[in-house]
Each structure stands twice: as C-alpha cells, then as structure tokens.
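Input: a single structure, listed below in structure tokens.
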Amino acid sequence: MTLDRRFSVLGWLAALLFFVLIGRLWFLQVISSPELTEVAAGNRTREVVSESPRGQIFDTNGTVIAGRRESLVVTLDWSGLRHLSEEDRLAVLGEAGHEMNLGGVKIKVDRLESVYERASTRSLQPVIVAEDVSAALWVTLQERGFPGIKAERRTLRVYPFREVASHLIGYVGSVQDQAEADELNGLDDLKPYRPGDEIGRSGIEAEFDRVLRGTPERLLVEVNASNEVVRTIEVLQPGEPGSDVHLTIDIQLQAAAERTVQTELLEAQRRAPCEDCPVHEANAGAMVVLDATDGSLIAAASYPGFAPGEFLFGMTQDQADYLFQSADQPFVNRAISGLYAPGSTFKPFTAYAGITSGARAVDDVWLDEGQYRLTSCEEAASRCVFRNAGSQILGEVDLVDAISRSSDTYFYSLGEELWLNVDAFGVTPVQDAAELFGFGSSTGVSIPSDRAGRVPTPERRRADHRDNPEAYPNEGWFAGDNVNLAIGQGDLLVTPLQLANAYAMIGNEGVRYEPRVVKSITNGVSGRVAKSFDPLVSVAAQLDPVAMNAIRVGLAGATTEGTARTAFVGFDSRIGVAGKTGTAQVAGKADFALFAGYAPVASPSYAISVILEQSGFGGEAAAPAARTMFDYLFEEIDVPLREPFTDPEPIILEPLLDEQGNEVNGYGERIDADGNIMTPEQVAAADALRAAEELAAAEAATAPAPASVSAAPPAPPVSAASAVTPPPAEVTP
C-alpha cells in the first residue's frame, strides 16, 4: 500500500471516529439529558435523618424523674471516612484516638475501627463514641478537623434520682442493627426506627417508647465528593420533641419505700434465726403502695435495683456481671412480676370461700390445739400432721380470731373440709375466691412484665403433668394440696401488686381498680394534655356482707392484738390499720416475711403489701416496714427528702492495660500516672523497680519469724464503754 493510500485510510478512520464522538455527545446532551441530570443530582443529594429530643417522665408532683441534658460528644461518621484507603483511615483513627486519650477518654484504635464497621449500615447517621468530653478536647477535635470524627452537642437521657424507681422508669438503649429496626418498624411511618436510634428497653421507657420518641428531622442535603454536607436543600419533615409522660408515682415516697425495704432487710440479716432454721440471707424484697380510692400506684419498691444511667455511660465488667448474672436478679421488678407464695396473707380469701360456700359460719368455734391431723390421711403421722408456727396452741377461736391470731389449724381443717365435701361446696371454692379478688390474672398495669401469678386447680395439675411430667410428676389433687392452698402455700403464687390490690378490694367493699401508673401524656413543647388516663374499675363485686365484715374485723384485730401488734404499737387509733402478716416457707431457704393491709380501717386511703425474702416471720420483718410507710403516708413522721442529682452521672472509664497489667494508651504505649507516654528508659526503670519490689515481698513472705524473747503481758480488760463495735453488715449482692 502506497503512503498516500495509507494517509487516505487514516483520514477516513479519523473522520469516522469524529462522527461517532459527535453522535455520542448529541445522544448524551439531547436524548439522555433528563435521565443523566437525575442521576447526577442523586449522586449529589442525600436524605439526612436526625433524632429529636426524647420526652421527659414526671412524677405525680411534676418532678422530672427521667429528663434530658446537653452534652459534648464525639461522633464517628462513616460517610466521612469511607473514601479513604484502609491505611489512611487507620492513620486518621489513630491520631483521633491519640487526641482523645490525651483528653481523658480511654479508647483504643481498634474500638474506633469496630465502630466504623458497624456504622457502615447507618448511612449518614453518626455514631457516638464518647460522651461528656471536656471542653478542651471538644475544641481540639474541632480544630484538628479529622475526617469523619466530629465534636457535637447532643441531647442525652438523664435520670436525676439515679437508682430510685429504676424498675418503673426503665432505661434506654440503642437499636442494634437494621434487622432490629426492620422488626420494630411498620407501626409508625412518621417515626421509623434506624440502627443507632434511642429506644426504651424496659419499664415506662419501653411501654411508652412511641410516645416519648421525638419526631425525627428529615433533611434533603447536598454533599460533596467526600460525602460531607454542603447545604440543606429542603426540610422534608421538621423535627419535634417527644411527648412527656406523667406518672402517679410520688418519687419521694418511692425513695422512702426503697429505703425502708433495704433497712428491714439489714435488720433481718442481723437478727438470729430460730433454732435449726436457715440463716436470714435477706437479700431481696419488694413493697407496693396503692391509692385505695382509685388504684393509683404511689410507690413500687424492688430491691436490689440498678442505675439506668449505667446503660448510657458504660459500666465495668463487674457491674455487667452483677446485673446480668447475679442470683439476686437486680433486673427483676419484684413488685410487679415477682412471684411468691402469699402464706397467711391469703387466709382472708380462704375465709371468704369457707363462709360463702356454707362450710363455716363466722361464729363457729374451732379448738386450736397447735396441730391438725388430716382425717383422710392413712400414711405415717409425720406426713399427716400440720402444725401452727412454733406449734403454738391458741385454744378456742372463731373466724375473727383465726385471722387476727393466724390460726393455721383453723384453715387446715377448713381446707380439708372443703375438699372432702366437693358435692356440697364445689371443687374449687378457694380458687374461685382467689380469682374473684384478682389472683391468677394480670392486673392490667401499664408496665411490662406484669404477671398473672398462679392459682392451682385439680384441672391445671393434670394439664401440667400431661405437658411436663418431669416437672410435675403427680397429676392428682389430694387433701394435702387443698390444706396447703388454704394457708397460701403449695403451688399458689402471687405478685406483691396483686396482693396490695386484693387488700384494697377488701377495704373498698368489693371494688377493685386496675392499677394505674400513668396519669397523662402531654405535648413536649406546649405542655397541653394529649391524653388522660382516668381510674378504671376492673370489678365491682357484690361481696357477702357477713363474711366481709368478719374478715375486716379480723384484719383490724391483727394490728391491735394479733400477729402484727408489736409493729403497730402506738399507731394512731383514730386511723387504724387492718392487715395480715404472713410467713411463707420455701424449700432450702429461710422463711419469706409478708404483710398486706390498708388504712384507715373505716375508709381506706392506702393499701400496702410487703415481701422480704429470707427474712423470717412476717410480724418481725414485713410488718415494721409497712408501719414505717403508713407513718409516712399519714404524716406521723416526715418523709426524708431525696434530692435529685444535678451533676451528670459519672462516666465509668476503665484503664487500658497490657498483658502485664501496665496502663497503656490507644496505641499500646506505656503511660505514667499523669497519662504521659513513657520513654524506653522510663519503662525499663519502672519494670526494674517493680521486679525489685516483688522480690523483696517474696523474700519477706518466706523469711522465718523471729523467736519470742518473753511472753507479752496480758492485755488489760476492755470495758463495755471502750469496746469497738464492728460495722453493721450490708446487703451484699
């Protein structure tokens, strides 16, 4: 091919390429312009969603018990780091971590890297990595301008009374991942959950989470090539703070109830148990205080408890182990969901069954000889004989005496009589009475984990055996089961809330309210009431007046001349308390102490139940706790005020340690007590000094003791006045 021909071919090829290019440009500019413009805009714009402040929780007097405060925080923004190479990203995180460690925040680089990996599922939602940082660190991070590491002001949850009412209020956590968010969503399109969002995990925080959550702000923003926000294009949805929730709880009486429970547990620990009885561990308990006139929950103490703020600011491993692994179960709201045998506090309901079924009359006299032998029992005597506490002989008693003086044998005989005469009295008269007063079903209180308890019946026994024969080996119901049920033992289980509500029903002549813990919901900005929760009557029963009058007289007598007499000596007789002690037996443990009652006797204003685990007799431990609370309620003694904490709850920061136990920074470098990086020479000197100290300690431990030259003179006698008293024992988890 000649040179001219070659140039000709190249010219035609160049022309062809030129026309192809022109055609392509025409296609892009004219034909595809709208679509490409939309794609380009999509690459420049993002929707950013920001949480709005969470609503507050108030007590009945308007005191904030779960609030919010401003905090200086450090956040990690995945979108600001994703464009960096792994090497550059680790370098940025390393420098930022170094500055944070110098500023008092102990954090490792690999911790920041793990947060980055988790944040990759959250788009433009920054993740908080440190809260309540110093102003100096906050300014330093702003000045350094690390990509993806921001210093911000955030609104955080705060619990001014810390552990007080922790089970009722609950705590908040974060939505863990997209899977959990997807599971939560679908109920409220206006406030969808996203990974990292704050969410109530227990108590009122959980039950009213949708109400307390603010409406998130949704913005359409323009971002640059680094995915950083350049400007706001449009407000898609304005943010709005969450609504406020107002409770019936009185935080001062709640604090007093918790203090009273703990005090009586300490007293029980100091008190010597009866001969051959287990030691009083006295490690847990509960108290419920109800407004008997409308069912409002005034206080619901559960011990041990927890501090909700620990879930916001971090906790040590020991704290986490205690909360989640401890046998004391501090997370369990014993007042609402603790299940207990009611013991003798159940006797009024057995009495009601006995009278209304026709098995007994209120004036029938029973000879209490301290023990009762089942007439239907043909086994060994020890299996057939049931005794009073301490085998106490009470002599002749009627129904009123049997309640006030707590005659077990009276109710043993009644329980067997009801079982032996089912044709006349029915199969389940005691169970029917229990259910009438609210046992065996949920109370309806608006707190998670409200439990129904357990009222055993012959039919349920058979069903339990059929479903789980290993746990329930016996499918039959025998006279002994009815006898145990009559005194509140056996398989019968109730909650403290159920017990208080049942006693309120006794005092209210058959009216039983649904326990109420929330009074109203108000707008978080204007304060206007959005919803009110009025008292709700669950049952208005026409109770047998003869039976109820005898029961009320017996309960009033228990506090003046019966088993609770000692605890209520000196209480204002114009008010009076009607109540019943109980001592529930639990296999392998010390007795559980109980008391339930109401006051005033004539027209109840309050109902109280107390349960103290492994604390001995009800009259010794539980009744004094109830007396203290009645004194507070009727202003016989002043309620010791609990002031809210105004300072932020402390952040728990554990030091970073290497394998030898030396404190290090985020890079693994040894640091001294002031946080300064140690030089190799300083590290060597410190290691040498510690080795010398350990060697000296080892030699001292193995050296023989010096021989005694002469016997020491006897110590002078210690007078009673100069004797040192050991500190009182504390409730140890």
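Letters for chains follow the order of the structure tokens (A, B, ...), residue numbers begin at 1 for each chain, and ligand numbers begin at 1 in the order shown.
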### Query
Counting only C-alpha atoms, what is within 9 Å of stretch 41-57 of chain A, bar same-chain residues fewer than 3 positions away, as a PyMOL selection string?
chain A and resi 36-38+62-68+123-125+155-157+169+197-198+204-205+211-225+227+229+233+236+239-247+523-524
Let's have the selection written as a compact mmCIF listing (two decimals), in the first residue's frame, with C-alpha atoms.
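selection-v5.txt was written with the following content:
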```txt
# COMPACT_ATOMS: atom_id res chain seq x y z
CA LEU A 36 -28.44 11.77 33.44
CA THR A 37 -29.35 15.00 35.19
CA GLU A 38 -31.44 12.98 37.63
CA GLY A 62 -44.34 17.36 88.42
CA THR A 63 -40.79 16.42 89.40
CA VAL A 64 -38.62 15.29 86.48
CA ILE A 65 -37.53 11.69 87.05
CA ALA A 66 -36.28 10.98 83.51
CA GLY A 67 -35.10 14.09 81.73
CA ARG A 68 -32.60 15.29 79.18
CA SER A 123 -25.55 5.83 56.08
CA LEU A 124 -25.16 9.44 57.25
CA GLN A 125 -26.10 8.70 60.87
CA THR A 155 -29.23 15.82 73.98
CA LEU A 156 -28.78 12.82 76.29
CA ARG A 157 -31.09 10.97 78.69
CA ILE A 169 -38.92 4.09 84.82
CA ASP A 197 -31.67 5.26 67.42
CA GLU A 198 -32.52 5.54 71.10
CA ILE A 204 -42.19 3.11 81.18
CA GLU A 205 -39.35 3.91 78.78
CA VAL A 211 -44.92 8.41 72.79
CA LEU A 212 -41.60 9.51 74.28
CA ARG A 213 -39.69 9.36 70.98
CA GLY A 214 -39.44 12.65 69.19
CA THR A 215 -40.40 13.03 65.54
CA PRO A 216 -37.06 12.91 63.69
CA GLU A 217 -35.97 15.78 61.46
CA ARG A 218 -35.59 14.76 57.80
CA LEU A 219 -33.48 16.97 55.55
CA LEU A 220 -32.59 16.76 51.87
CA VAL A 221 -28.97 17.91 51.69
CA GLU A 222 -26.28 18.37 49.07
CA VAL A 223 -22.99 16.57 49.67
CA ASN A 224 -19.56 16.92 48.08
CA ALA A 225 -17.26 14.24 46.71
CA ASN A 227 -19.88 12.85 51.20
CA VAL A 229 -22.90 18.01 53.77
CA ILE A 233 -31.88 21.81 50.03
CA LEU A 236 -38.70 17.12 54.32
CA GLY A 239 -38.27 17.61 64.00
CA GLU A 240 -40.40 17.73 67.14
CA PRO A 241 -39.58 16.71 70.73
CA GLY A 242 -41.32 13.65 72.11
CA SER A 243 -44.35 13.85 74.38
CA ASP A 244 -43.98 13.88 78.16
CA VAL A 245 -45.39 11.14 80.40
CA HIS A 246 -46.76 11.97 83.86
CA LEU A 247 -46.89 9.15 86.43
CA ASN A 523 -47.21 17.76 74.42
CA GLY A 524 -43.46 18.11 74.89
```
List the neighbours of A:Val74 out to 12 Å using only C-alpha atoms; skip same-chain residues closer than 4 positions along the sequence, and give me the result as JSON, numbers by chain. {"A": [96, 97, 99, 100, 103, 105, 107, 112, 126, 127, 128, 129, 130, 131, 132, 133, 134, 135, 137, 138, 139, 140, 141, 142, 146, 148, 149, 150, 151, 152, 153, 154]}
Expressed in Å, the length from atom CA of A:Val73 to atom CA of A:Glu643 is 27.2 Å
Exercise for review: Could you give me, as a PyMOL selection string, the residues within 8 Å of stretch 85-92 of chain A, counting only C-alpha atoms and dropping anything in the same chain fewer than 2 positions from it?
Suggested key: chain A and resi 81-83+94-96+109+113+146-147
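Put simply, atom CA of A:Thr457 is 27.9 Å away from atom CA of A:Arg405.
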(message) Applying 6 Å and only C-alpha atoms, which residues near stretch 426-440 of chain A remain after dropping the ones on its own chain fewer than 3 positions away? List them as a ChimeraX atom specification.
(response) /A:350,353,422-423,452-455,502
Q. Using only C-alpha atoms, which residues sit within 12 Å of A:Leu323 once same-chain residues fewer than 2 positions away are excluded, as a list in words?
A. Pro304, Gly305, Phe306, Ala307, Pro308, Glu310, Phe311, Met315, Thr316, Gln317, Asp318, Gln319, Ala320, Asp321, Gln325, Ser326, Ala327, Asp328, Gln329, Pro330, Phe331, Val332 and Pro733 of chain A
